[in-house]
$ cat start-v6.tsv   # TSV, N, CA and C atoms
chain	number	residue	atom	x	y	z
A	275	MET	N	0.82	-1.18	0.00
A	275	MET	CA	0.00	0.00	0.00
A	275	MET	C	0.87	1.25	0.00
A	276	ARG	N	1.96	1.22	0.76
A	276	ARG	CA	2.84	2.37	0.83
A	276	ARG	C	3.40	2.70	-0.55
A	277	GLY	N	3.71	1.67	-1.33
A	277	GLY	CA	4.23	1.87	-2.68
A	277	GLY	C	3.20	2.51	-3.59
A	278	LYS	N	1.93	2.12	-3.42
A	278	LYS	CA	0.86	2.72	-4.23
A	278	LYS	C	0.74	4.20	-3.96
A	279	VAL	N	0.77	4.56	-2.69
A	279	VAL	CA	0.64	5.97	-2.32
A	279	VAL	C	1.80	6.76	-2.91
A	280	GLY	N	3.00	6.24	-2.76
A	280	GLY	CA	4.18	6.91	-3.31
A	280	GLY	C	4.11	7.04	-4.82
A	281	LEU	N	3.63	5.99	-5.46
A	281	LEU	CA	3.52	6.01	-6.91
A	281	LEU	C	2.51	7.07	-7.36
A	282	VAL	N	1.36	7.10	-6.72
A	282	VAL	CA	0.33	8.07	-7.08
A	282	VAL	C	0.84	9.49	-6.86
A	283	ILE	N	1.46	9.73	-5.72
A	283	ILE	CA	1.99	11.06	-5.43
A	283	ILE	C	3.08	11.43	-6.43
A	284	GLY	N	3.96	10.49	-6.72
A	284	GLY	CA	5.03	10.74	-7.69
A	284	GLY	C	4.50	11.04	-9.07
A	285	LEU	N	3.53	10.26	-9.51
A	285	LEU	CA	2.95	10.51	-10.83
A	285	LEU	C	2.24	11.85	-10.89
A	286	ALA	N	1.50	12.16	-9.85
A	286	ALA	CA	0.79	13.44	-9.81
A	286	ALA	C	1.77	14.61	-9.82
A	287	ALA	N	2.80	14.51	-8.99
A	287	ALA	CA	3.80	15.58	-8.93
A	287	ALA	C	4.53	15.70	-10.26
A	288	GLY	N	4.90	14.57	-10.83
A	288	GLY	CA	5.60	14.60	-12.13
A	288	GLY	C	4.74	15.22	-13.21
A	289	TYR	N	3.48	14.86	-13.21
A	289	TYR	CA	2.59	15.41	-14.22
A	289	TYR	C	2.42	16.91	-14.04
A	290	VAL	N	2.18	17.32	-12.80
A	290	VAL	CA	1.97	18.74	-12.54
A	290	VAL	C	3.22	19.54	-12.87
A	291	LEU	N	4.37	19.02	-12.43
A	291	LEU	CA	5.60	19.76	-12.66
A	291	LEU	C	6.08	19.68	-14.11
A	292	GLY	N	5.77	18.59	-14.77
A	292	GLY	CA	6.29	18.39	-16.11
A	292	GLY	C	5.33	18.75	-17.23
A	293	THR	N	4.11	19.07	-16.90
A	293	THR	CA	3.13	19.33	-17.93
A	293	THR	C	3.42	20.61	-18.69
A	294	ARG	N	3.05	20.61	-19.94
A	294	ARG	CA	3.21	21.81	-20.75
A	294	ARG	C	1.88	22.53	-20.90
A	295	ALA	N	0.87	22.01	-20.19
A	295	ALA	CA	-0.45	22.61	-20.28
A	295	ALA	C	-0.50	23.95	-19.55
A	296	GLY	N	0.44	24.18	-18.67
A	296	GLY	CA	0.53	25.48	-18.03
A	296	GLY	C	-0.26	25.61	-16.75
A	297	ARG	N	-0.38	26.84	-16.34
A	297	ARG	CA	-0.98	27.19	-15.06
A	297	ARG	C	-2.46	26.78	-14.99
A	298	GLU	N	-3.16	26.90	-16.09
A	298	GLU	CA	-4.59	26.57	-16.09
A	298	GLU	C	-4.83	25.11	-15.71
A	299	ARG	N	-4.06	24.21	-16.31
A	299	ARG	CA	-4.21	22.78	-16.00
A	299	ARG	C	-3.81	22.51	-14.55
A	300	TYR	N	-2.76	23.17	-14.11
A	300	TYR	CA	-2.34	23.03	-12.71
A	300	TYR	C	-3.48	23.43	-11.77
A	301	GLU	N	-4.12	24.54	-12.04
A	301	GLU	CA	-5.22	25.01	-11.21
A	301	GLU	C	-6.40	24.03	-11.24
A	302	GLN	N	-6.65	23.39	-12.40
A	302	GLN	CA	-7.72	22.39	-12.49
A	302	GLN	C	-7.41	21.19	-11.60
A	303	ILE	N	-6.17	20.73	-11.69
A	303	ILE	CA	-5.75	19.58	-10.88
A	303	ILE	C	-5.83	19.93	-9.40
A	304	LYS	N	-5.33	21.10	-9.05
A	304	LYS	CA	-5.35	21.52	-7.66
A	304	LYS	C	-6.79	21.63	-7.14
A	305	ALA	N	-7.69	22.17	-7.94
A	305	ALA	CA	-9.09	22.30	-7.54
A	305	ALA	C	-9.70	20.92	-7.31
A	306	GLN	N	-9.38	19.95	-8.19
A	306	GLN	CA	-9.92	18.60	-8.04
A	306	GLN	C	-9.39	17.94	-6.76
A	307	VAL	N	-8.11	18.11	-6.50
A	307	VAL	CA	-7.52	17.55	-5.29
A	307	VAL	C	-8.16	18.18	-4.05
A	308	ASP	N	-8.33	19.49	-4.07
A	308	ASP	CA	-8.98	20.17	-2.94
A	308	ASP	C	-10.41	19.68	-2.74
A	309	LYS	N	-11.12	19.46	-3.85
A	309	LYS	CA	-12.50	18.99	-3.77
A	309	LYS	C	-12.55	17.61	-3.11
A	310	VAL	N	-11.67	16.71	-3.53
A	310	VAL	CA	-11.63	15.36	-2.95
A	310	VAL	C	-11.21	15.43	-1.48
A	311	TRP	N	-10.20	16.24	-1.18
A	311	TRP	CA	-9.70	16.35	0.19
A	311	TRP	C	-10.80	16.84	1.13
A	312	ASN	N	-11.65	17.71	0.66
A	312	ASN	CA	-12.68	18.30	1.51
A	312	ASN	C	-13.98	17.48	1.57
A	313	LEU	N	-14.02	16.34	0.91
A	313	LEU	CA	-15.20	15.47	1.01
A	313	LEU	C	-15.37	14.99	2.45
A	314	ASP	N	-16.61	14.87	2.88
A	314	ASP	CA	-16.88	14.41	4.24
A	314	ASP	C	-16.26	13.05	4.56
A	315	PRO	N	-16.36	12.05	3.65
A	315	PRO	CA	-15.74	10.75	3.98
A	315	PRO	C	-14.22	10.86	4.14
A	316	VAL	N	-13.59	11.71	3.35
A	316	VAL	CA	-12.15	11.87	3.44
A	316	VAL	C	-11.79	12.52	4.77
A	317	GLN	N	-12.47	13.59	5.12
A	317	GLN	CA	-12.18	14.27	6.37
A	317	GLN	C	-12.50	13.40	7.59
A	318	GLU	N	-13.52	12.55	7.44
A	318	GLU	CA	-13.84	11.61	8.52
A	318	GLU	C	-12.67	10.66	8.76
A	319	GLN	N	-12.10	10.15	7.67
A	319	GLN	CA	-10.96	9.24	7.80
A	319	GLN	C	-9.72	9.98	8.33
A	320	VAL	N	-9.53	11.18	7.90
A	320	VAL	CA	-8.41	11.98	8.40
A	320	VAL	C	-8.55	12.16	9.91
A	321	GLY	N	-9.77	12.44	10.35
A	321	GLY	CA	-10.02	12.58	11.79
A	321	GLY	C	-9.75	11.30	12.55
A	322	LYS	N	-10.17	10.17	11.98
A	322	LYS	CA	-9.94	8.88	12.64
A	322	LYS	C	-8.45	8.60	12.78
A	323	VAL	N	-7.70	8.83	11.71
A	323	VAL	CA	-6.25	8.57	11.75
A	323	VAL	C	-5.58	9.52	12.76
A	324	THR	N	-5.99	10.77	12.75
A	324	THR	CA	-5.41	11.74	13.69
A	324	THR	C	-5.67	11.32	15.14
A	325	ASP	N	-6.91	10.96	15.43
A	325	ASP	CA	-7.25	10.53	16.79
A	325	ASP	C	-6.49	9.28	17.18
A	326	PHE	N	-6.40	8.33	16.25
A	326	PHE	CA	-5.69	7.09	16.54
A	326	PHE	C	-4.21	7.35	16.79
A	327	ALA	N	-3.62	8.22	15.97
A	327	ALA	CA	-2.20	8.54	16.14
A	327	ALA	C	-1.96	9.21	17.49
A	328	LYS	N	-2.86	10.10	17.90
A	328	LYS	CA	-2.71	10.74	19.20
A	328	LYS	C	-2.79	9.71	20.32
A	329	THR	N	-3.75	8.80	20.22
A	329	THR	CA	-3.91	7.77	21.24
A	329	THR	C	-2.68	6.88	21.32
A	330	SER	N	-2.18	6.48	20.15
A	330	SER	CA	-0.99	5.62	20.12
A	330	SER	C	0.23	6.35	20.66
A	331	ALA	N	0.34	7.62	20.32
A	331	ALA	CA	1.48	8.40	20.79
A	331	ALA	C	1.43	8.59	22.31
A	332	MET	N	0.24	8.65	22.87
A	332	MET	CA	0.10	8.83	24.31
A	332	MET	C	0.53	7.58	25.08
A	333	ALA	N	0.53	6.42	24.42
A	333	ALA	CA	0.93	5.19	25.09
A	333	ALA	C	2.44	5.18	25.37
A	334	LEU	N	3.21	5.81	24.53
A	334	LEU	CA	4.66	5.79	24.70
A	334	LEU	C	5.13	6.52	25.96
A	335	PRO	N	4.64	7.72	26.24
A	335	PRO	CA	5.11	8.37	27.47
A	335	PRO	C	4.83	7.55	28.73
A	336	SER	N	3.70	6.88	28.77
A	336	SER	CA	3.41	6.07	29.96
A	336	SER	C	4.38	4.89	30.05
A	337	THR	N	4.73	4.31	28.91
A	337	THR	CA	5.70	3.22	28.91
A	337	THR	C	7.07	3.73	29.37
A	338	LEU	N	7.44	4.91	28.89
A	338	LEU	CA	8.72	5.50	29.30
A	338	LEU	C	8.71	5.78	30.80
A	339	TRP	N	7.61	6.32	31.30
A	339	TRP	CA	7.51	6.64	32.73
A	339	TRP	C	7.63	5.37	33.57
A	340	GLU	N	6.88	4.35	33.18
A	340	GLU	CA	6.93	3.08	33.92
A	340	GLU	C	8.34	2.50	33.91
A	341	SER	N	9.03	2.63	32.79
A	341	SER	CA	10.41	2.13	32.69
A	341	SER	C	11.33	2.91	33.62
A	342	ALA	N	11.17	4.22	33.65
A	342	ALA	CA	12.01	5.04	34.53
A	342	ALA	C	11.76	4.69	36.00
A	343	VAL	N	10.51	4.45	36.35
A	343	VAL	CA	10.18	4.06	37.73
A	343	VAL	C	10.85	2.73	38.07
A	344	LYS	N	10.80	1.78	37.17
A	344	LYS	CA	11.41	0.47	37.43
A	344	LYS	C	12.92	0.59	37.62
A	345	VAL	N	13.58	1.40	36.77
A	345	VAL	CA	15.03	1.58	36.89
A	345	VAL	C	15.36	2.27	38.21
A	346	THR	N	14.55	3.27	38.58
A	346	THR	CA	14.78	3.97	39.84
A	346	THR	C	14.62	3.04	41.03
A	347	LYS	N	13.59	2.20	41.00
A	347	LYS	CA	13.39	1.24	42.09
A	347	LYS	C	14.56	0.27	42.18
A	348	ALA	N	15.05	-0.17	41.02
A	348	ALA	CA	16.18	-1.10	41.02
A	348	ALA	C	17.43	-0.41	41.59
A	349	ALA	N	17.63	0.85	41.25
A	349	ALA	CA	18.80	1.57	41.74
A	349	ALA	C	18.71	1.87	43.23
A	350	SER	N	17.51	1.93	43.77
A	350	SER	CA	17.36	2.24	45.19
A	350	SER	C	17.07	0.99	46.03
A	351	SER	N	17.25	-0.17	45.44
A	351	SER	CA	17.01	-1.41	46.17
A	351	SER	C	18.12	-1.63	47.21
A	352	LYS	N	17.92	-2.64	48.06
A	352	LYS	CA	18.90	-2.94	49.09
A	352	LYS	C	20.12	-3.58	48.45
A	353	GLY	N	21.24	-3.35	49.08
A	353	GLY	CA	22.48	-3.96	48.62
A	353	GLY	C	23.61	-2.95	48.56
A	354	THR	N	24.73	-3.41	48.11
A	354	THR	CA	25.90	-2.53	47.99
A	354	THR	C	25.71	-1.61	46.79
A	355	PRO	N	26.48	-0.53	46.72
A	355	PRO	CA	26.37	0.35	45.55
A	355	PRO	C	26.58	-0.40	44.23
A	356	GLY	N	27.47	-1.36	44.21
A	356	GLY	CA	27.71	-2.15	43.01
A	356	GLY	C	26.51	-2.99	42.63
A	357	GLN	N	25.88	-3.59	43.63
A	357	GLN	CA	24.68	-4.39	43.39
A	357	GLN	C	23.53	-3.52	42.88
A	358	LYS	N	23.40	-2.33	43.46
A	358	LYS	CA	22.35	-1.41	43.02
A	358	LYS	C	22.57	-1.01	41.57
A	359	LEU	N	23.84	-0.72	41.24
A	359	LEU	CA	24.16	-0.32	39.87
A	359	LEU	C	23.88	-1.46	38.91
A	360	ASP	N	24.29	-2.66	39.27
A	360	ASP	CA	24.04	-3.83	38.42
A	360	ASP	C	22.54	-4.04	38.20
A	361	ALA	N	21.76	-3.89	39.27
A	361	ALA	CA	20.31	-4.07	39.17
A	361	ALA	C	19.71	-2.99	38.26
A	362	ALA	N	20.18	-1.76	38.41
A	362	ALA	CA	19.66	-0.67	37.58
A	362	ALA	C	20.02	-0.88	36.11
A	363	ILE	N	21.23	-1.33	35.84
A	363	ILE	CA	21.65	-1.58	34.46
A	363	ILE	C	20.83	-2.72	33.85
A	364	LYS	N	20.66	-3.79	34.61
A	364	LYS	CA	19.88	-4.92	34.11
A	364	LYS	C	18.45	-4.50	33.82
A	365	THR	N	17.84	-3.79	34.74
A	365	THR	CA	16.47	-3.32	34.54
A	365	THR	C	16.39	-2.36	33.37
A	366	GLY	N	17.38	-1.48	33.25
A	366	GLY	CA	17.43	-0.53	32.13
A	366	GLY	C	17.46	-1.24	30.79
A	367	LYS	N	18.27	-2.28	30.69
A	367	LYS	CA	18.35	-3.04	29.43
A	367	LYS	C	17.02	-3.70	29.11
A	368	GLU	N	16.37	-4.24	30.12
A	368	GLU	CA	15.06	-4.87	29.90
A	368	GLU	C	14.04	-3.82	29.44
A	369	GLN	N	14.11	-2.65	30.03
A	369	GLN	CA	13.14	-1.60	29.71
A	369	GLN	C	13.38	-1.01	28.32
A	370	VAL	N	14.62	-0.99	27.87
A	370	VAL	CA	14.90	-0.51	26.51
A	370	VAL	C	14.15	-1.36	25.50
A	371	GLU	N	14.19	-2.66	25.70
A	371	GLU	CA	13.47	-3.56	24.81
A	371	GLU	C	11.96	-3.35	24.88
A	372	GLU	N	11.46	-3.14	26.10
A	372	GLU	CA	10.02	-2.92	26.27
A	372	GLU	C	9.58	-1.62	25.59
A	373	VAL	N	10.34	-0.56	25.75
A	373	VAL	CA	10.00	0.72	25.12
A	373	VAL	C	10.10	0.59	23.60
A	374	SER	N	11.13	-0.09	23.13
A	374	SER	CA	11.29	-0.30	21.69
A	374	SER	C	10.10	-1.06	21.12
A	375	ASN	N	9.67	-2.10	21.80
A	375	ASN	CA	8.51	-2.87	21.35
A	375	ASN	C	7.25	-2.01	21.33
A	376	ALA	N	7.08	-1.18	22.36
A	376	ALA	CA	5.91	-0.31	22.41
A	376	ALA	C	5.93	0.69	21.26
A	377	ALA	N	7.11	1.23	20.96
A	377	ALA	CA	7.22	2.19	19.86
A	377	ALA	C	6.93	1.52	18.53
A	378	GLU	N	7.45	0.33	18.32
A	378	GLU	CA	7.20	-0.40	17.08
A	378	GLU	C	5.72	-0.75	16.94
A	379	THR	N	5.10	-1.16	18.03
A	379	THR	CA	3.68	-1.50	18.00
A	379	THR	C	2.85	-0.27	17.67
A	380	SER	N	3.18	0.86	18.28
A	380	SER	CA	2.45	2.10	18.00
A	380	SER	C	2.64	2.52	16.55
A	381	ALA	N	3.86	2.46	16.07
A	381	ALA	CA	4.13	2.86	14.69
A	381	ALA	C	3.39	1.96	13.70
A	382	GLU	N	3.38	0.67	13.95
A	382	GLU	CA	2.69	-0.26	13.07
A	382	GLU	C	1.19	-0.02	13.08
A	383	ALA	N	0.65	0.24	14.27
A	383	ALA	CA	-0.79	0.49	14.39
A	383	ALA	C	-1.18	1.76	13.64
A	384	VAL	N	-0.37	2.79	13.75
A	384	VAL	CA	-0.65	4.05	13.03
A	384	VAL	C	-0.55	3.81	11.53
A	385	LYS	N	0.44	3.05	11.10
A	385	LYS	CA	0.59	2.75	9.66
A	385	LYS	C	-0.64	2.00	9.14
A	386	GLU	N	-1.08	1.01	9.89
A	386	GLU	CA	-2.26	0.25	9.47
A	386	GLU	C	-3.50	1.13	9.41
A	387	ALA	N	-3.65	2.02	10.38
A	387	ALA	CA	-4.79	2.93	10.38
A	387	ALA	C	-4.72	3.88	9.18
A	388	ALA	N	-3.52	4.36	8.88
A	388	ALA	CA	-3.36	5.26	7.74
A	388	ALA	C	-3.65	4.53	6.43
A	389	ASP	N	-3.19	3.29	6.31
A	389	ASP	CA	-3.47	2.50	5.11
A	389	ASP	C	-4.97	2.27	4.93
A	390	ALA	N	-5.64	1.93	6.02
A	390	ALA	CA	-7.09	1.71	5.96
A	390	ALA	C	-7.80	3.00	5.59
A	391	ALA	N	-7.34	4.11	6.15
A	391	ALA	CA	-7.96	5.40	5.82
A	391	ALA	C	-7.72	5.74	4.36
A	392	PHE	N	-6.52	5.46	3.87
A	392	PHE	CA	-6.22	5.74	2.46
A	392	PHE	C	-7.13	4.91	1.55
A	393	ASP	N	-7.34	3.65	1.91
A	393	ASP	CA	-8.24	2.81	1.12
A	393	ASP	C	-9.66	3.39	1.11
A	394	ASP	N	-10.12	3.82	2.30
A	394	ASP	CA	-11.45	4.40	2.38
A	394	ASP	C	-11.55	5.70	1.59
A	395	ILE	N	-10.48	6.50	1.65
A	395	ILE	CA	-10.45	7.76	0.90
A	395	ILE	C	-10.48	7.47	-0.60
A	396	SER	N	-9.71	6.48	-1.03
A	396	SER	CA	-9.69	6.12	-2.45
A	396	SER	C	-11.09	5.69	-2.91
A	397	LYS	N	-11.76	4.89	-2.08
A	397	LYS	CA	-13.12	4.46	-2.43
A	397	LYS	C	-14.06	5.65	-2.49
A	398	ALA	N	-13.95	6.54	-1.50
A	398	ALA	CA	-14.82	7.72	-1.47
A	398	ALA	C	-14.58	8.61	-2.68
A	399	ALA	N	-13.33	8.77	-3.06
A	399	ALA	CA	-13.00	9.58	-4.23
A	399	ALA	C	-13.54	8.92	-5.50
A	400	GLY	N	-13.44	7.60	-5.56
A	400	GLY	CA	-13.97	6.87	-6.72
A	400	GLY	C	-15.48	6.98	-6.81
A	401	ASP	N	-16.15	6.86	-5.66
A	401	ASP	CA	-17.61	6.99	-5.63
A	401	ASP	C	-18.01	8.40	-6.01
A	402	HIS	N	-17.23	9.38	-5.57
A	402	HIS	CA	-17.56	10.79	-5.88
A	402	HIS	C	-17.39	11.06	-7.36
A	403	ASP	N	-16.34	10.50	-7.97
A	403	ASP	CA	-16.10	10.70	-9.40
A	403	ASP	C	-17.20	10.07	-10.25
A	404	GLU	N	-17.75	8.95	-9.78
A	404	GLU	CA	-18.79	8.27	-10.55
A	404	GLU	C	-20.11	9.00	-10.46
A	405	ALA	N	-20.31	9.75	-9.38
A	405	ALA	CA	-21.59	10.44	-9.17
A	405	ALA	C	-21.75	11.65	-10.06
$ encode --input "start-v6.tsv" --output "structure tokens"
Amino acid sequence: MRGKVGLVIGLAAGYVLGTRAGRERYEQIKAQVDKVWNLDPVQEQVGKVTDFAKTSAMALPSTLWESAVKVTKAASSKGTPGQKLDAAIKTGKEQVEEVSNAAETSAEAVKEAADAAFDDISKAAGDHDEA
């Protein structure tokens, strides 16, 4: 799906930039793009993706906070300074993996939501063109 989006954008940009039809054709293309962008189904999907991205992004700070708390607890545990340091390092390494996994999960979820929204937008634009 990512390749399709890139291809469409590349073709559109190449056509607009390379066309010899001039400013008038550019304005026609721009007006059509604006018309599709402002369709209710398109804006609905944009809103869904935006909300989902915000929700997913909010999950990362809580994961980071929880990781920092765990490292702090490990560093303040009982034992010699060396043991505390070892415990904090071990916990820190474990938390790096946990934060990385959370970031990857969030990024993948946002990508999937964007792909689904793009598909819905494409359908809405197709339905609008047929009408």
$ axis_aligned_box --input "start-v6.tsv" --around "region 363-376 of chain A" --padding-each-side "8 Å" --output "lines of an AutoDock Vina configuration file"
center_x = 13.8
center_y = -2.1
center_z = 28.5
size_x = 31.7
size_y = 21.6
size_z = 30.7
$ closest_residue --input "start-v6.tsv" --among "A:Ala387, A:Ala376, A:Leu285, A:Ala362" --to "Thr346 (chain A)" --atoms "all atoms listed in the file"
A:Ala362
$ atom_distance --input "start-v6.tsv" --atom1 "CA of Asp314 (chain A)" --atom2 "atom C of Ala327 (chain A)"
20.6 Å
$ residues_around --input "start-v6.tsv" --residues "Ala348 (chain A)" --least-positions-apart "2" --cutoff "6.5 Å" --atoms "only N, CA and C atoms" --output "ChimeraX atom specification"
/A:343-346,350-351,358-359,361-362
$ residues_around --input "start-v6.tsv" --residues "Gln369 (chain A)" --least-positions-apart "6" --cutoff "9 Å" --atoms "only C-alpha atoms" --output "PyMOL selection string"
chain A and resi 337-338+340-342+344-345
